[in-house]
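Enquirer: Take this structure first; my questions come after.
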Amino acid sequence: MAVGQGVYFLILVLSVYFVSSEELLTFGSFNVKTFGKSKMSDSTKATRIAEITSRYDIMLLQEIRDSTGSSYRQLLSMMQSYGNYSMSISERLGRSSYKEQYAFLYRSDKIQILDSYQYDDGVDDGTDVFEREPFCVLVHPTNSCTSFGIIALHSKPTAAVSEISALNDVRKAVESKWNIQDVMIMGDLNADCTYARESSLADKKIYGDKTYKWLIDWSQDTTTGTTQCAYDRIISRGQELASVLVADSAQVYLFDQRMNLSKEQMLDISDHYPVEVQLRFPSLCGKNLYMYFRLRTLSTVVQQAYYRNER
Ligand SMILES: [Ca+2]
Ligand SMILES: [Ca+2]
């Protein structure tokens with residue numbers, strides 16, 4: 001009888017585990033100034049960039065400047081010592097011969113990228129909107145019930161207001177492409193100081209429409225240098241995303257303090273700090289929901305067998 005009781009108890013504990021387990025994920029966005037072969041060939045800098053990246057379950061890497069691709073392949077390879085990292089990378093973008101790429105590095109055991117989409121604003125003849133068109137991914141946290149879009153943008157500083165404003169159109173395109181209601185926008189939007197003042201954005205939907213939640217506010221400083229500007233932002237839109245955002249978790253990650261770096265060592269990494277936010281996903285979905293009901297059925301069988309033996 002004790003064995004039957006033990007098995008029943010074990011199944012009960014497992015069921016509770018599958019109901020109660022939830023996933024806490026950290027999302028980051030980091031403009032690593034001129035990320036390329038030169039920076040990654042310095043093993044100290046490369047190790048520090050990998051360490052910062054490992055803080056995140058998904059991180060948007062910006063300002064990749066490398067036509068060969070060896071630098072981001074090296075970073076992805078270094079990330080394997082931290083976990084099962086994968087990467088989704090954009091085309092090389094820019095109107096002139098100066099090109100940049102966006103990449104999402106993410107823990108593939110915790111997050112799936114179901115699709116990616118390169119926003120297209122037409123021919124790069126100056127009548128187009130974006131210098132580096134937003135790169136978008138459809139994200140599905142493993143075992144959660146939710147999928148949502150992430151829109152990445154590194155805006156052109158002198159066109160920041162018009163590019164940021166146009167993110168409202170990108171958001172609509174992403175929602176209709178993937179049939180979703182929840183979108184997160186992240187990146188070095190140059191959304192502060194002389195490039196984009198709050199007063200210049202006040203009458204634009206992307207800022208004036210309060211369905212957009214600007215999680216990194218104007219008082220923040222996302223620059224490692226002496227300037228005080230909240231260039232890097234995270235903006236969320238949609239009720240499901242709002243329900244999983246961890247209150248007050250959006251912040252600037254001061255890696256120099258955490259890693260005990262000198263000012264010079266910090267500036268060697270980037271002129272930007274990462275910005276980040278945490279999301280907590282309930283996991284009674286998908287595989288976990290299936291396991292839960294399997295265990296429920298099993299526990300009923302064990303319980304019945306136990307009572308038959310009792311009689
Ligand atoms: Ca363009
Ligand atoms: Ca600063």
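Every chain in the structure tokens takes a letter, A first, then B, and so on in the order presented; its residues are numbered from 1, and the ligands are numbered from 1 following the presented order.
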Within 8 Å of ligand 1, counting only C-alpha atoms and all ligand atoms: which residues, as a PyMOL selection string?
Expert: chain A and resi 94-95+120-126+128-133
Enquirer: Which residues are near ligand 2 in this structure, taking near to mean any atom at most 10 Å from a ligand atom and counting only C-alpha atoms and all ligand atoms? Format them as a VMD selection string.
Expert: chain A and resid 220 to 230 271 to 273
Enquirer: Take the residues that were just selected and, keeping N, CA and C atoms, output them as an mmCIF file, in the first residue's frame.
Expert:
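out.cif, written as the output of this step:
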data_model
loop_
_atom_site.group_PDB
_atom_site.id
_atom_site.type_symbol
_atom_site.label_atom_id
_atom_site.label_comp_id
_atom_site.auth_asym_id
_atom_site.auth_seq_id
_atom_site.Cartn_x
_atom_site.Cartn_y
_atom_site.Cartn_z
ATOM 1 N N GLN A 220 16.558 58.027 -18.549
ATOM 2 C CA GLN A 220 17.648 57.051 -18.589
ATOM 3 C C GLN A 220 18.812 57.555 -19.450
ATOM 4 N N ASP A 221 19.983 57.015 -19.193
ATOM 5 C CA ASP A 221 21.164 57.323 -20.002
ATOM 6 C C ASP A 221 21.703 56.008 -20.548
ATOM 7 N N THR A 222 21.557 55.808 -21.854
ATOM 8 C CA THR A 222 22.000 54.540 -22.457
ATOM 9 C C THR A 222 23.365 54.679 -23.121
ATOM 10 N N THR A 223 24.017 55.815 -22.921
ATOM 11 C CA THR A 223 25.339 56.033 -23.514
ATOM 12 C C THR A 223 26.423 55.825 -22.469
ATOM 13 N N THR A 224 27.520 55.179 -22.872
ATOM 14 C CA THR A 224 28.610 54.942 -21.920
ATOM 15 C C THR A 224 29.474 56.198 -21.762
ATOM 16 N N GLY A 225 29.426 57.087 -22.746
ATOM 17 C CA GLY A 225 30.207 58.327 -22.681
ATOM 18 C C GLY A 225 29.540 59.375 -21.800
ATOM 19 N N THR A 226 30.013 60.602 -21.917
ATOM 20 C CA THR A 226 29.553 61.651 -21.004
ATOM 21 C C THR A 226 28.165 62.184 -21.345
ATOM 22 N N THR A 227 27.665 61.920 -22.553
ATOM 23 C CA THR A 227 26.325 62.404 -22.908
ATOM 24 C C THR A 227 25.267 61.713 -22.048
ATOM 25 N N GLN A 228 24.130 62.393 -21.867
ATOM 26 C CA GLN A 228 23.020 61.861 -21.070
ATOM 27 C C GLN A 228 21.827 61.698 -22.012
ATOM 28 N N CYS A 229 21.738 60.556 -22.682
ATOM 29 C CA CYS A 229 20.688 60.390 -23.679
ATOM 30 C C CYS A 229 20.117 58.971 -23.618
ATOM 31 N N ALA A 230 18.794 58.877 -23.755
ATOM 32 C CA ALA A 230 18.123 57.571 -23.783
ATOM 33 C C ALA A 230 17.922 57.163 -25.241
ATOM 34 N N ASP A 271 29.951 52.459 -27.208
ATOM 35 C CA ASP A 271 29.495 53.760 -26.711
ATOM 36 C C ASP A 271 28.060 53.667 -26.184
ATOM 37 N N HIS A 272 27.489 52.458 -26.259
ATOM 38 C CA HIS A 272 26.133 52.237 -25.730
ATOM 39 C C HIS A 272 26.147 51.182 -24.628
ATOM 40 N N TYR A 273 25.186 51.316 -23.711
ATOM 41 C CA TYR A 273 24.873 50.231 -22.777
ATOM 42 C C TYR A 273 23.746 49.392 -23.384
#
Enquirer: Among segment 189-283 of chain A, which residues carry a DSSP assignment of strand (DSSP E or B), reported as a VMD selection string?
Expert: chain A and resid 212 to 214 223 232 to 237 245 251 to 252 272 275 to 282
Enquirer: Check the smallest atom-to-atom distance from each of A:Glu100, A:Asp109, A:Asp248, A:Glu198 to Leu153 of chain A using only C-alpha atoms, then report the winner.
Expert: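 Closest to Leu153 of chain A, using only C-alpha atoms: A:Glu100.
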Enquirer: Please report the interatomic distance between atom CA of Tyr106 of chain A and atom CA of Phe255 of chain A in Å with one decimal.
Expert: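 Those two atoms sit 19.1 Å apart.
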Enquirer: So which residues touch Met40 of chain A within 9 Å, counting only C-alpha atoms, skipping near sequence neighbours fewer than 4 positions away, as JSON, numbers by chain?
Expert: {"A": [35, 36, 44, 45, 46, 47, 49, 71, 72, 74, 75]}
Enquirer: Identify, on the basis of only C-alpha atoms, every residue whose closest approach to Leu105 of chain A does not exceed 10 Å; exclude the query and any residue fewer than 6 positions from it along the same chain; express the result as a ChimeraX atom specification.
Expert: /A:28,53-54,56-61,72,75-76,79,85-89
Enquirer: Tell me, in Å to one decimal, how far atom CA of Ser43 of chain A is from atom CA of Val275 of chain A.
Expert: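 Here the two named atoms are 24.0 Å from each other.
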Enquirer: Excluding Phe148 of chain A and any residue of its chain fewer than 6 positions from it, enumerate the residues within 9 Å of it, using only C-alpha atoms, and give them as a PyMOL selection string.
Expert: chain A and resi 137-140+175+178+180-184+240-241
Enquirer: Give me a file of those residues, with C-alpha atoms, as a PDB file, in the first residue's frame.
Expert:
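Here's the written file result_35.pdb:
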ATOM      1  CA  VAL A 137      11.188  38.138 -35.913  1.00  0.00           C
ATOM      2  CA  LEU A 138       8.242  36.067 -34.699  1.00  0.00           C
ATOM      3  CA  VAL A 139       9.132  34.856 -31.219  1.00  0.00           C
ATOM      4  CA  HIS A 140       7.644  31.935 -29.343  1.00  0.00           C
ATOM      5  CA  GLU A 175       0.713  42.231 -37.112  1.00  0.00           C
ATOM      6  CA  TRP A 178       1.827  36.998 -38.619  1.00  0.00           C
ATOM      7  CA  ILE A 180      -0.565  38.733 -33.972  1.00  0.00           C
ATOM      8  CA  GLN A 181      -1.596  41.522 -31.622  1.00  0.00           C
ATOM      9  CA  ASP A 182       1.562  41.862 -29.566  1.00  0.00           C
ATOM     10  CA  VAL A 183       4.761  43.501 -30.704  1.00  0.00           C
ATOM     11  CA  MET A 184       7.972  44.624 -29.037  1.00  0.00           C
ATOM     12  CA  GLU A 240      -0.591  39.715 -23.695  1.00  0.00           C
ATOM     13  CA  LEU A 241       2.861  41.279 -23.621  1.00  0.00           C
TER      14      LEU A 241
END
Enquirer: Which residue gives the smallest distance to Ala152 of chain A among A:Val7, A:Leu24, A:Ala166, A:Met186, with only C-alpha atoms counted?
Expert: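 Going through A:Val7, A:Leu24, A:Ala166, A:Met186 one by one, the smallest distance to Ala152 of chain A is for A:Met186.
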Enquirer: Kindly indicate which residue among A:Val13, A:Met266, A:Leu189, A:Ile64 lies nearest to Ser165 of chain A, using only C-alpha atoms for the distances.
Expert: A:Leu189
Enquirer: Find the residue from A:Gln251, A:Ser38, A:Asn168, A:Ser219 that sits nearest to Ile151 of chain A; use only C-alpha atoms when measuring.
Expert: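 So, comparing all the options, the nearest one is A:Asn168.
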Enquirer: I'd like the contact shell of Tyr117 of chain A - 7 Å cut-off, only C-alpha atoms, skipping same-chain residues fewer than 2 positions apart - returned as a PyMOL selection string.
Expert: chain A and resi 115+119+135-137
Enquirer: What lies within 8 Å of segment 154-163 of chain A using only C-alpha atoms, ignoring chain neighbours under 4 positions off, as a list of chain:residue names?
Expert: A:Gln62, A:Glu63, A:Val129, A:Phe130, A:Glu131, A:Arg132, A:Pro134, A:Leu167, A:Gly187, A:Asp188, A:Leu189, A:Asn190, A:Ala191, A:Tyr195, A:Ala196, A:Ser200, A:Leu201
Enquirer: For Asp192 of chain A, which of A:Ile113, A:Asp217, A:Asn84, A:Lys204 is the closest residue, counting only C-alpha atoms?
Expert: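 Once distances to Asp192 of chain A are computed over only C-alpha atoms, the minimum belongs to A:Asp217.
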Enquirer: Would you return as an MDAnalysis selection string the members of segment 92-266 of chain A that DSSP assigns to helix (DSSP H, G or I) on this structure's backbone?
Expert: chainID A and resid 157:178 198:201 205:208 239:244 255:258 263:266
Enquirer: Suppose we keep C-alpha atoms; can you now write the selection as a compact mmCIF listing (two decimals), in the first residue's frame?
Expert:
# COMPACT_ATOMS: atom_id res chain seq x y z
CA PRO A 157 20.52 59.69 -36.20
CA THR A 158 19.64 62.63 -38.46
CA ALA A 159 16.41 60.93 -39.58
CA ALA A 160 15.46 59.56 -36.17
CA VAL A 161 12.07 61.30 -35.86
CA SER A 162 10.79 60.14 -39.27
CA GLU A 163 12.17 56.60 -38.86
CA ILE A 164 10.77 56.20 -35.33
CA SER A 165 7.38 57.53 -36.51
CA ALA A 166 7.32 55.01 -39.36
CA LEU A 167 7.61 52.14 -36.86
CA ASN A 168 3.83 52.42 -36.52
CA ASP A 169 3.55 51.23 -40.16
CA VAL A 170 6.08 48.46 -39.55
CA ARG A 171 4.07 47.33 -36.52
CA LYS A 172 0.91 47.13 -38.66
CA ALA A 173 2.75 45.14 -41.35
CA VAL A 174 4.11 42.69 -38.78
CA GLU A 175 0.71 42.23 -37.11
CA SER A 176 -1.02 41.44 -40.37
CA LYS A 177 1.80 39.23 -41.69
CA TRP A 178 1.83 37.00 -38.62
CA GLU A 198 10.07 64.33 -26.79
CA SER A 199 8.24 67.35 -28.26
CA SER A 200 9.04 66.15 -31.81
CA LEU A 201 7.47 62.75 -31.10
CA LYS A 205 1.26 57.69 -33.10
CA ILE A 206 4.32 55.72 -32.00
CA TYR A 207 4.67 57.98 -28.95
CA GLY A 208 1.36 59.86 -28.58
CA GLN A 239 -2.29 43.10 -23.88
CA GLU A 240 -0.59 39.72 -23.69
CA LEU A 241 2.86 41.28 -23.62
CA ALA A 242 1.67 43.77 -21.00
CA SER A 243 0.50 40.86 -18.85
CA VAL A 244 3.90 39.10 -18.89
CA PHE A 255 28.06 46.37 -17.56
CA ASP A 256 31.13 48.39 -16.58
CA GLN A 257 30.00 48.41 -12.93
CA ARG A 258 28.96 44.74 -12.93
CA LYS A 263 36.20 53.72 -18.38
CA GLU A 264 38.61 52.88 -21.18
CA GLN A 265 37.75 49.17 -21.07
CA MET A 266 34.04 50.08 -21.15
Enquirer: Do you have the atom CA of Asp232 of chain A-atom CA of Cys193 of chain A distance handy?
Expert: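 Spanning atom CA of Asp232 of chain A to atom CA of Cys193 of chain A is a straight-line distance of 11.7 Å.
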